[in-house]
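Note sheet for the following structure.
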Amino acid sequence: MVKIEHLTKAYGNKLAVDDLSLEIKPGEIYGFIGHNGAGKTTTLKSVVGILKFDSGDIYIDGMSVKDDPLACKRKIAYIPDNPDLYEFMSGIKYLNFVADVYKVDGLKRNELIHKYADLFEITNDLGQPISAYSHGMKQKLAIISAWIHEPDIIIMDEPFVGLDPKASHLLKEMMREICDKGGAIFFSTHVLEVAEKLCDKVAIIKSGKLIRSGTMEDVKGDDSLEEVFLELEGE
Amino acid sequence: MVALLVKKQMTEIFRGYFYDQKKNKARSKVSIVLFILMFVGIMIGVLGGMFSYLAYSLCGGFAEAGMSWLYFFIMGMLSIALGTFGSVFNTFSGLYLSKDNDLLLSMPIPVSSILISRLVTVYLMGLMYSAVVIVPADIVYWIVVSASPAVIIGGILLTIQISLIVLIMSCVLGWCVAKVSLKLKNRSFVSVAVSLIFIGLYYFVYFKAQSVIESLLVNAALYGGTIEDKAYALTLFGKTGTGNVMAMLLVTLITVSVTAVTYYVLAKSFIGIVTSTGNVDRVAYRQKKLKMKNELGALFAKEMAKFTSSPNYMLNCGLGSLMLIAASVVMLVKGGNLIKAMNMMFGKDAQACICVFVIAGMCIILSMNNMVVPSVSLEGKNLWILKSLPVNMWNVLKSKLLVQLTVTGVPLIICDICVLLTVKTGVIEKLFIVLITILFMLLQAFGGLALGIMRPNFTWTNEIVPIKQSMNMFIEIFGSFVLTAGILVPFLLIRYGIGYKISVIVYLFIVAGVLLLADLLLYRWLRVKGTDKFAQL
């Protein structure tokens, strides 16, 4: 579903991502881990078409992000590491805006908005301006906006930051549900325990280079993911 | 600590002078000097020159009549009016709405230092505008009347007192808006309404000032005596500039005391206001049918919501709409008098000149509407949303243009209709009035958006920076003024300078043609290169 081929991106003289290749197949939850500044966010932003990259290509269901970014974006939902949403809108107006952009049918958007808002327990707050939301509420709203157009692929940057334990648990269930329906999830995290329990596959990036990837068993063997990660980071 | 915070704020306000956002690097020393010279040239050369002329025309007469204090009183009042008008709309957001509130409050910085640093910024803005009036008034007095040490000290003291009075007035209005906005749901519109009342009063005073000054000149002794009898404090204010020691001491004492009280009131409520989320009751959302829009409609609604959510944005970038409506009323009510005055001034040429003057007047008003200019920078940290959604980038730009064209176009058409009903010219001339004002509006919108795309600033911590304090706004507003002059001045030069009686229809045809060409070129640039540049931001 997502194929990254020889992705390279530099900021000035600094190589942020260096010849990175990955493939995420239907039904997979793919974890992406690495130290701060390793190139995770740059990779994720390149996949969703926010950042232009220098070389290589990224394919979403066979379509190139370079050649047809709009078609690719229609299949993707993205949740950034910091949910900076339109604070001048109310929660419901923001969700309706996203639904308009993705052309979600009127009945369907009502159904999905209220389904997920109820699950995350923010239905009562949907009429409030986003500026009055806490960080966690904004994160929940960002998650709902990603789910309301029923995307095939969801790209998330540190999605569990700011969520309460109940919401984190709910998000994990929703991620699994998407993959069970044939979708795919690609997300970065620093919480290695979550990655270890949740992911089917994992990729470790260091200084822009992919240093290990594969199924969880291939990557960590008999050790814990934390031990493997720290060992690789020390090399 | 205060100096450090002030430096941070000044760096943000004047960042455009030192840093090229487009090239992502510091400007060369030459370009910094040129930018600063341009700014100083406009402030001192244009505004300062205007008020120097006014001061020169008043000073001698009042001094000869032994009423120098009245001269300083008049110039002081004008200085306070300009200073307050220049800084008052920034005060609310400048004091309370910075995005770094939480960051600064979490640091080991005394709250008083944060407040003082913000007050210093408000003070400097007020000082900048008020000095443009009072400093020329001081200098003219020193040249024309006296430059004794006492007079010089008095002049400097008066300048400082005025800047403090401006600070007090700005802070009081900012504080009132903050208090009101915490209690109300539609805080944006209430803030706008409060500010518009102030603008209304300002313009009332401004338009009355000319006749009041004339009347004061004729009846200086009578009015001066009345003020001395019934409002001695005001006399003291004027006497400060003349070097009267008692006046200097008393007015300084009063001004400093009121400043201290103002600071005390602000300090008491500052932390409460900046950390408040509002006292509006939280009403639970009830499910209702959601309206569906197409992509452009959704983007337009988003842009309009942004515009109407911010009093700063509406007041600083949308004042032209209200002025167009006001101009419509003026044309219907007083239009006949204006036409008569033009007829007297230009005689046989009046009919031709009226068209060009009316167009120039409307273009000046149109120059006040420029919400499209900061619209790109105002995306700020939310830019990721548009870039990650499957939206056509041209639609994003169109939505920004549409807000400007809707908010400006509707009152413009009303104004055009009122002008057409009032002005007695031929059908073709009337058609050109409508056509040229519409082409001018389009040029402003296209040019403003192009500026926004070419010189974006996404790193602001207070929205007032892209809205009011950016180089883009400066270029747009003064560019519009220059363009307006470019419509009016060549006509007068050809007709009265060279003496060639160019047909007004031919002239307006040329103007319309040039504007149309510029519109098409800018539209083409936005459609192709602008869209691509925006996508890559």
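Please note that chains go A, B, ... in the order of the structure tokens, that every chain numbers its residues from 1, and that ligands are numbered from 1 in the order shown.
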
12 Å contact set for Thr240 (chain B), only C-alpha atoms, chain neighbours under 4 positions out, as a PyMOL selection string: chain B and resi 68-73+76+138+150-162+233-236+244-252

Backbone DSSP call of strand (DSSP E) for region 28-233 of chain A, listed as a ChimeraX atom specification: /A:29-34,55-60,63-64,76-79,153-157,184-188,201-206,209-215

Counting only C-alpha atoms, the residue of B:Phe35, B:Phe481, B:Tyr507, B:Tyr129 that sits nearest Val356 (chain B): B:Tyr507

Residues of chain A within 9 Å of chain B, counting only C-alpha atoms, as a PyMOL selection string: chain A and resi 45+48-52+69-78+80+83-89+92-94+96-107+109-110+114+123-128+131-132

Residues of region 40-193 of chain A in alpha helix (DSSP H), written as number ranges by chain: A: 40-47, 69-75, 91-101, 106-119, 135-147, 165-180, 192-193

Non-local contacts of Lys66 (chain A) (10 Å; only C-alpha atoms; under 5 positions in same chain excluded) as an MDAnalysis selection string: chainID A and resid 46:47 49 52:53 56:59 72

Ile122 (chain A) environment, 9 Å, only C-alpha atoms, sequence neighbours closer than 5 positions dropped, as JSON, numbers by chain: {"A": [116, 117, 137, 140, 141]}

For CA of Leu54 (chain B) and CA of Ile36 (chain B), the interatomic separation in Å (one decimal): 25.8 Å

All residues 8 Å or closer to Val504 (chain B), only C-alpha atoms, same chain fewer than 4 positions away omitted, as a PyMOL selection string: chain B and resi 352-353+429+508

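When only C-alpha atoms are used to measure the gap to Gly183 (chain A), the shortest distance among A:Met216, A:Ile205, A:Leu44, A:Ile153 belongs to A:Ile153.
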
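Residue nearest Lys201 (chain A) within the list A:Asp54, A:Asp180, A:Glu150, A:Glu28: A:Glu28 [criterion: smallest interatomic distance, only C-alpha atoms].
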
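As for CA of Arg455 (chain B) and CA of Leu378 (chain B), they are spaced 12.2 Å apart.
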
Residue neighbourhood Ile510 (chain B), 12 Å, only C-alpha atoms, exclusion window fewer than 6 positions, as a ChimeraX atom specification: /B:432,436,486-487,490-491,502-504,516-517

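Minimum atom-to-atom distances from A:Phe32, A:Lys181, A:Glu23, A:Leu232 to Pro159 (chain A) were compared using only C-alpha atoms, and the lowest value belongs to A:Phe32.
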
Using only C-alpha atoms, which residues of region 140-168 of chain B come within 10 Å of region 256-263 of chain B, and what is the closest atom pair for each, with the distance in Å to one decimal? Give it as a Markdown table, sorted by chain and residue number.
| residue | atom | partner | partner_atom | distance |
| --- | --- | --- | --- | --- |
| B:Gln161 | CA | B:Val256 | CA | 8.1 |
| B:Leu164 | CA | B:Thr259 | CA | 6.9 |
| B:Ile165 | CA | B:Thr259 | CA | 7.8 |
| B:Leu167 | CA | B:Thr259 | CA | 8.0 |
| B:Ile168 | CA | B:Thr259 | CA | 6.1 |

Keeping only N, CA, C and O atoms, take the residues you just selected and write them out as a short mmCIF file (atom, residue, chain, number, x, y, z; two decimals), in the first residue's frame.
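Final output, saved to out_10.cif:
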data_model
loop_
_atom_site.label_atom_id
_atom_site.label_comp_id
_atom_site.auth_asym_id
_atom_site.auth_seq_id
_atom_site.Cartn_x
_atom_site.Cartn_y
_atom_site.Cartn_z
N GLN B 161 5.54 63.35 28.03
CA GLN B 161 4.21 63.33 28.66
C GLN B 161 3.16 62.81 27.67
O GLN B 161 2.30 62.00 28.02
N LEU B 164 3.28 59.17 27.22
CA LEU B 164 2.70 58.46 28.37
C LEU B 164 1.17 58.53 28.32
O LEU B 164 0.49 57.54 28.65
N ILE B 165 0.64 59.68 27.90
CA ILE B 165 -0.83 59.80 27.80
C ILE B 165 -1.36 58.80 26.75
O ILE B 165 -2.37 58.13 26.95
N LEU B 167 0.06 56.03 25.92
CA LEU B 167 0.18 54.70 26.53
C LEU B 167 -1.02 54.44 27.45
O LEU B 167 -1.63 53.36 27.40
N ILE B 168 -1.37 55.44 28.26
CA ILE B 168 -2.49 55.27 29.20
C ILE B 168 -3.78 55.00 28.43
O ILE B 168 -4.51 54.05 28.73
#

Selected residue, from B:Gly320, B:Tyr123, B:Val407, B:Phe474, that lies nearest to Met43 (chain B) when counting only C-alpha atoms: B:Phe474

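Within the 8 Å cut-off around Ala38 (chain A), using only C-alpha atoms and omitting residues fewer than 4 positions from it on the same chain, the listed residues are Ala16, Val17, Gly34, Ile205, Lys206, Ser207 and Gly208 of chain A.
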